[in-house]
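> Please find input-v3.tsv (TSV, C-alpha atoms) on the next line:
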```tsv
chain	number	residue	atom	x	y	z
R	1	MET	CA	-6.16	44.83	4.10
R	2	ARG	CA	-3.48	45.13	1.40
R	3	LEU	CA	-0.88	42.48	0.75
R	4	TYR	CA	2.77	43.11	-0.08
R	5	CYS	CA	5.16	40.30	-0.91
R	6	ASP	CA	8.87	40.24	-1.75
R	7	PHE	CA	8.49	36.70	-3.10
R	8	THR	CA	8.88	36.54	-6.90
R	9	VAL	CA	7.72	34.21	-9.65
R	10	ARG	CA	11.30	32.95	-9.93
R	11	ASP	CA	11.21	32.11	-6.23
R	12	ALA	CA	7.91	30.27	-6.78
R	13	ASN	CA	9.48	28.28	-9.61
R	14	LYS	CA	12.39	27.30	-7.37
R	15	LEU	CA	9.99	26.32	-4.60
R	16	LEU	CA	8.00	24.06	-6.92
R	17	PHE	CA	11.21	22.41	-8.14
R	18	GLY	CA	12.36	21.88	-4.55
R	19	LEU	CA	9.04	20.40	-3.48
R	20	ILE	CA	8.99	17.92	-6.37
R	21	LEU	CA	12.60	16.97	-5.65
R	22	PHE	CA	11.76	16.38	-2.00
R	23	GLU	CA	8.80	14.20	-2.99
R	24	LEU	CA	11.01	12.12	-5.29
R	25	CYS	CA	13.38	11.61	-2.34
R	26	LEU	CA	10.45	10.34	-0.27
R	27	VAL	CA	9.58	7.94	-3.10
R	28	LEU	CA	13.15	6.65	-3.24
R	29	ILE	CA	13.26	6.11	0.53
R	30	TYR	CA	9.95	4.22	0.50
R	31	ALA	CA	10.98	2.14	-2.53
R	32	ALA	CA	14.35	1.24	-1.01
R	33	ASP	CA	12.74	0.32	2.31
R	34	THR	CA	10.20	-1.90	0.52
R	35	LEU	CA	12.78	-3.63	-1.68
R	36	LEU	CA	15.02	-4.29	1.33
R	37	GLY	CA	12.18	-5.81	3.30
R	38	SER	CA	11.84	-2.91	5.77
R	39	PRO	CA	14.99	-3.62	7.85
R	40	SER	CA	14.39	-0.58	10.06
R	41	TRP	CA	11.10	-0.24	11.93
R	42	SER	CA	11.69	3.49	12.47
R	43	ILE	CA	12.26	4.16	8.75
R	44	LYS	CA	9.13	2.22	7.87
R	45	GLN	CA	7.02	4.16	10.36
R	46	LEU	CA	8.36	7.51	9.22
R	47	PHE	CA	8.14	7.00	5.45
R	48	ASP	CA	5.47	4.34	4.87
R	49	PHE	CA	3.27	5.65	2.04
R	50	ASP	CA	0.58	3.18	3.11
R	51	GLY	CA	0.54	4.42	6.69
R	52	GLU	CA	-0.82	7.38	8.63
R	53	GLY	CA	0.70	10.11	10.77
R	54	ASN	CA	4.10	9.96	9.04
R	55	ILE	CA	6.28	12.36	7.05
R	56	PRO	CA	4.55	11.92	3.64
R	57	ALA	CA	1.08	12.35	5.19
R	58	TRP	CA	2.04	15.45	7.18
R	59	PHE	CA	3.91	16.91	4.21
R	60	SER	CA	0.79	16.67	2.05
R	61	SER	CA	-1.32	18.06	4.88
R	62	VAL	CA	0.95	21.07	5.31
R	63	GLN	CA	0.86	21.84	1.58
R	64	LEU	CA	-2.94	21.75	1.54
R	65	SER	CA	-3.17	23.92	4.65
R	66	LEU	CA	-0.85	26.50	3.05
R	67	ILE	CA	-3.15	26.67	0.02
R	68	GLY	CA	-6.07	27.22	2.37
R	69	LEU	CA	-4.12	29.96	4.17
R	70	ILE	CA	-3.40	31.76	0.90
R	71	PHE	CA	-7.08	31.81	-0.01
R	72	LEU	CA	-7.91	32.92	3.52
R	73	LEU	CA	-5.54	35.87	3.09
R	74	ARG	CA	-7.18	36.76	-0.23
R	75	SER	CA	-10.63	36.59	1.37
R	76	ARG	CA	-9.54	39.38	3.74
R	77	GLN	CA	-9.16	41.78	0.82
R	78	THR	CA	-11.48	44.71	1.46
R	79	ASP	CA	-11.43	46.55	-1.89
R	80	SER	CA	-14.98	47.14	-3.08
R	81	ASP	CA	-14.16	46.07	-6.64
R	82	HIS	CA	-12.42	42.87	-5.56
R	83	PHE	CA	-13.61	39.80	-7.43
R	84	PRO	CA	-13.97	36.85	-6.96
R	85	SER	CA	-15.89	37.62	-3.82
R	86	PRO	CA	-14.42	37.17	-0.32
R	87	LEU	CA	-17.15	34.59	0.40
R	88	PHE	CA	-16.01	32.48	-2.54
R	89	LEU	CA	-12.36	32.73	-1.52
R	90	LEU	CA	-13.27	31.82	2.07
R	91	THR	CA	-15.21	28.80	0.79
R	92	VAL	CA	-12.18	27.62	-1.19
R	93	SER	CA	-9.97	28.20	1.85
R	94	THR	CA	-12.28	26.14	4.04
R	95	GLY	CA	-12.26	23.33	1.48
R	96	PHE	CA	-8.47	23.10	1.40
R	97	ILE	CA	-8.19	23.30	5.18
R	98	PHE	CA	-10.64	20.40	5.41
R	99	LEU	CA	-8.63	18.42	2.87
R	100	SER	CA	-5.54	19.13	4.97
R	101	ALA	CA	-7.25	17.76	8.08
R	102	ASP	CA	-8.49	14.79	6.07
R	103	GLU	CA	-4.96	13.99	4.89
R	104	ALA	CA	-3.64	14.14	8.44
R	105	ALA	CA	-6.46	12.22	10.12
R	106	SER	CA	-7.81	10.02	7.26
R	107	ILE	CA	-11.33	11.35	7.79
R	108	HIS	CA	-12.50	9.82	4.51
R	109	GLU	CA	-11.64	6.30	5.64
R	110	LYS	CA	-13.50	6.86	8.90
R	111	ILE	CA	-16.54	7.99	6.90
R	112	SER	CA	-16.45	4.76	4.88
R	113	GLY	CA	-16.13	2.71	8.07
R	114	ALA	CA	-19.07	4.49	9.68
R	115	LEU	CA	-21.39	4.08	6.67
R	116	LYS	CA	-20.45	0.63	5.38
R	117	HIS	CA	-23.36	-0.98	7.26
R	118	ILE	CA	-25.89	1.09	5.28
R	119	GLU	CA	-26.71	-1.17	2.34
R	120	LEU	CA	-27.95	1.64	0.09
R	121	MET	CA	-24.59	3.40	0.11
R	122	PRO	CA	-22.63	2.82	-3.14
R	123	ARG	CA	-19.18	1.32	-2.65
R	124	PHE	CA	-16.32	-0.56	-4.23
R	125	LYS	CA	-15.09	-4.07	-3.55
R	126	GLY	CA	-14.57	-4.93	0.10
R	127	ASP	CA	-16.86	-2.13	1.33
R	128	HIS	CA	-14.20	0.42	0.39
R	129	GLY	CA	-14.58	3.85	-1.18
R	130	ILE	CA	-17.95	4.99	0.16
R	131	TRP	CA	-16.31	8.35	0.82
R	132	ILE	CA	-15.61	8.82	-2.90
R	133	PHE	CA	-19.31	9.02	-3.77
R	134	ILE	CA	-20.00	11.41	-0.88
R	135	TYR	CA	-17.06	13.68	-1.74
R	136	ALA	CA	-17.97	13.60	-5.45
R	137	LEU	CA	-21.53	14.73	-4.66
R	138	ILE	CA	-20.32	17.53	-2.38
R	139	GLY	CA	-17.75	18.56	-4.98
R	140	LEU	CA	-20.37	18.68	-7.74
R	141	ILE	CA	-22.70	20.80	-5.60
R	142	LEU	CA	-19.90	23.24	-4.74
R	143	PHE	CA	-18.78	23.41	-8.37
R	144	LEU	CA	-22.27	24.28	-9.57
R	145	ALA	CA	-22.80	26.78	-6.75
R	146	THR	CA	-19.51	28.59	-7.42
R	147	PHE	CA	-19.30	28.21	-11.20
R	148	ARG	CA	-19.63	31.94	-11.91
R	149	SER	CA	-16.93	32.79	-9.38
R	150	LEU	CA	-14.67	30.09	-10.81
R	151	ALA	CA	-15.20	31.51	-14.29
R	152	ALA	CA	-14.38	35.00	-13.00
R	153	MET	CA	-11.21	33.73	-11.34
R	154	TRP	CA	-10.23	32.03	-14.62
R	155	ASN	CA	-10.75	35.26	-16.54
R	156	ARG	CA	-8.82	37.40	-14.08
R	157	TYR	CA	-6.01	35.02	-13.03
R	158	ARG	CA	-5.83	32.63	-15.97
R	159	HIS	CA	-2.30	31.26	-15.50
R	160	ALA	CA	-2.62	30.83	-11.74
R	161	THR	CA	-6.05	29.22	-12.07
R	162	PHE	CA	-4.79	26.92	-14.83
R	163	MET	CA	-1.92	25.72	-12.61
R	164	MET	CA	-4.27	25.12	-9.69
R	165	ALA	CA	-6.65	23.19	-11.96
R	166	ILE	CA	-3.78	21.04	-13.25
R	167	GLY	CA	-2.61	20.43	-9.69
R	168	MET	CA	-6.03	19.40	-8.45
R	169	GLY	CA	-6.45	17.15	-11.48
R	170	ILE	CA	-3.23	15.38	-10.48
R	171	VAL	CA	-4.49	15.10	-6.89
R	172	VAL	CA	-7.76	13.53	-8.09
R	173	LEU	CA	-5.85	11.16	-10.37
R	174	GLY	CA	-3.80	9.96	-7.43
R	175	GLY	CA	-6.28	10.18	-4.57
R	176	VAL	CA	-9.37	8.93	-6.39
R	177	VAL	CA	-8.56	7.13	-9.66
R	178	MET	CA	-5.58	5.21	-8.28
R	179	GLU	CA	-7.51	4.52	-5.08
R	180	VAL	CA	-10.39	3.00	-7.05
R	181	ILE	CA	-7.94	0.77	-8.93
R	182	SER	CA	-6.53	-0.32	-5.59
R	183	TYR	CA	-9.98	-1.05	-4.14
R	184	GLN	CA	-11.11	-3.07	-7.13
R	185	PHE	CA	-8.01	-5.02	-8.11
R	186	LEU	CA	-5.08	-4.83	-5.70
R	187	ARG	CA	-6.28	-5.31	-2.13
R	188	SER	CA	-6.78	-9.06	-2.23
R	189	GLY	CA	-3.19	-9.70	-1.20
R	190	SER	CA	-2.42	-11.74	-4.31
R	191	THR	CA	-0.36	-8.98	-5.96
R	192	PRO	CA	1.65	-7.33	-3.15
R	193	LEU	CA	4.26	-5.82	-5.48
R	194	LEU	CA	1.67	-4.23	-7.74
R	195	TYR	CA	-0.11	-2.91	-4.68
R	196	ARG	CA	3.10	-1.26	-3.45
R	197	VAL	CA	3.67	0.28	-6.88
R	198	GLU	CA	0.11	1.62	-6.86
R	199	VAL	CA	0.54	3.08	-3.36
R	200	THR	CA	3.79	4.76	-4.41
R	201	LEU	CA	2.25	6.29	-7.54
R	202	GLU	CA	-0.91	7.31	-5.66
R	203	GLU	CA	0.96	9.14	-2.92
R	204	PHE	CA	3.43	10.78	-5.30
R	205	LEU	CA	0.59	12.07	-7.47
R	206	GLU	CA	-1.20	13.44	-4.40
R	207	MET	CA	1.94	15.19	-3.10
R	208	SER	CA	3.06	16.57	-6.46
R	209	GLY	CA	-0.48	17.65	-7.34
R	210	ALA	CA	-0.70	19.56	-4.07
R	211	SER	CA	2.67	21.17	-4.88
R	212	VAL	CA	1.45	22.35	-8.29
R	213	THR	CA	-1.77	23.64	-6.71
R	214	LEU	CA	0.26	25.50	-4.07
R	215	TYR	CA	2.40	26.95	-6.86
R	216	GLY	CA	-0.74	28.21	-8.60
R	217	ALA	CA	-2.04	29.71	-5.35
R	218	ILE	CA	1.27	31.53	-4.84
R	219	LEU	CA	1.03	32.91	-8.40
R	220	LEU	CA	-2.43	34.18	-7.50
R	221	LEU	CA	-1.03	35.90	-4.42
R	222	LEU	CA	1.85	37.40	-6.39
R	223	HIS	CA	-0.54	38.70	-9.04
R	224	GLU	CA	-2.55	40.61	-6.44
R	225	SER	CA	0.63	41.83	-4.74
R	226	ARG	CA	1.85	43.35	-8.02
R	227	VAL	CA	-1.56	44.92	-8.69
R	228	GLU	CA	-1.70	46.54	-5.25
R	229	SER	CA	1.92	47.75	-5.14
```
Just give me the structure of the file as structure tokens.


Amino acid sequence: MRLYCDFTVRDANKLLFGLILFELCLVLIYAADTLLGSPSWSIKQLFDFDGEGNIPAWFSSVQLSLIGLIFLLRSRQTDSDHFPSPLFLLTVSTGFIFLSADEAASIHEKISGALKHIELMPRFKGDHGIWIFIYALIGLILFLATFRSLAAMWNRYRHATFMMAIGMGIVVLGGVVMEVISYQFLRSGSTPLLYRVEVTLEEFLEMSGASVTLYGAILLLLHESRVES
């Protein structure tokens, strides 16, 4: 299967700018709602960064699913000299689709809830964050198993891979580092304002990191489209 795309790098740049602008608007809405004491129940439910099943959560989920779809499309490439391998691309696609489902359904929190009664499981204050250790172990195993393919992708699509790496680094900074800070220091209820600031920064980093990763995935797709045209 060959891919042809009329989308250009300039279009990708505009898309990234638009996504970041939209995310800043979500931040402003959440900040205004918080500062005003949440006068509207509907606004709070739709834009609460600390909630589930709302616009910010679904927005992040859609971005992650689009990244997974792009890698799924690349895995369907049938050229014999295609590298990285379709299996590697399908593995990456599956990972992003899982992260999309996790963002929509908070699977990681359910994992922590299910395992918190096992005393041997490492965790943070208040029995939070068990999922971080599980995801970190799975991530390390996948990284080691796919290292050669990752290196090949870096060599062949350096700019696109660099942007995706930057994006995922931002996602980890928001979804893991900021979350750990929240678990350890901000969930006692004694610093509600700091907690809200942390939630805002955490969610913005996750959304913007996913946007940068999506941008990198689109650059990857455009690179192959130019090669095959």

> Looking at all atoms listed in the file, which of R:Ala101, R:Leu28, R:Leu36, R:Leu73 is the one that sits closest to R:Phe49?

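Of R:Ala101, R:Leu28, R:Leu36, R:Leu73, the one nearest R:Phe49 is R:Leu28, counting all atoms listed in the file.
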
> Figure out the distance between atom CA of R:Gly51 and atom CA of R:Gly113, please, to one decimal in Å.

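Going from atom CA of R:Gly113 over to atom CA of R:Gly51, I get 16.8 Å.
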
> Quick check, in Å to one decimal: how far apart do atom CA of R:Ile170 and atom CA of R:Thr200 lie?

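Computing it gives 14.1 Å between the two atoms.
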
> Taking into account all atoms listed in the file, which residue in the set R:Ile43, R:Ala32, R:Val176, R:Val9 is nearest to R:Ala160?

R:Val9

> Would you mind listing what lies within 9 Å of R:Glu23 as a list in words, with all atoms listed in the file counted and same-chain residues fewer than 6 positions away left out?

Pro56, Phe204, Met207 and Ser208 of chain R

> Please give the centre and size of the box around stretch 85-104 of chain R (axis-aligned, containing every atom listed in the file, 3 Å added per side), with values in Å to one decimal and written as JSON.


```
{"center_x": -10.4, "center_y": 25.8, "center_z": 2.3, "size_x": 19.5, "size_y": 29.6, "size_z": 18.3}
```

> Looking at only C-alpha atoms, which of R:Leu19, R:Ala105, R:Leu46, R:Leu69 is the one that sits closest to R:Leu221?

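Looking only at the distances to R:Leu221, the closest residue turns out to be R:Leu69.
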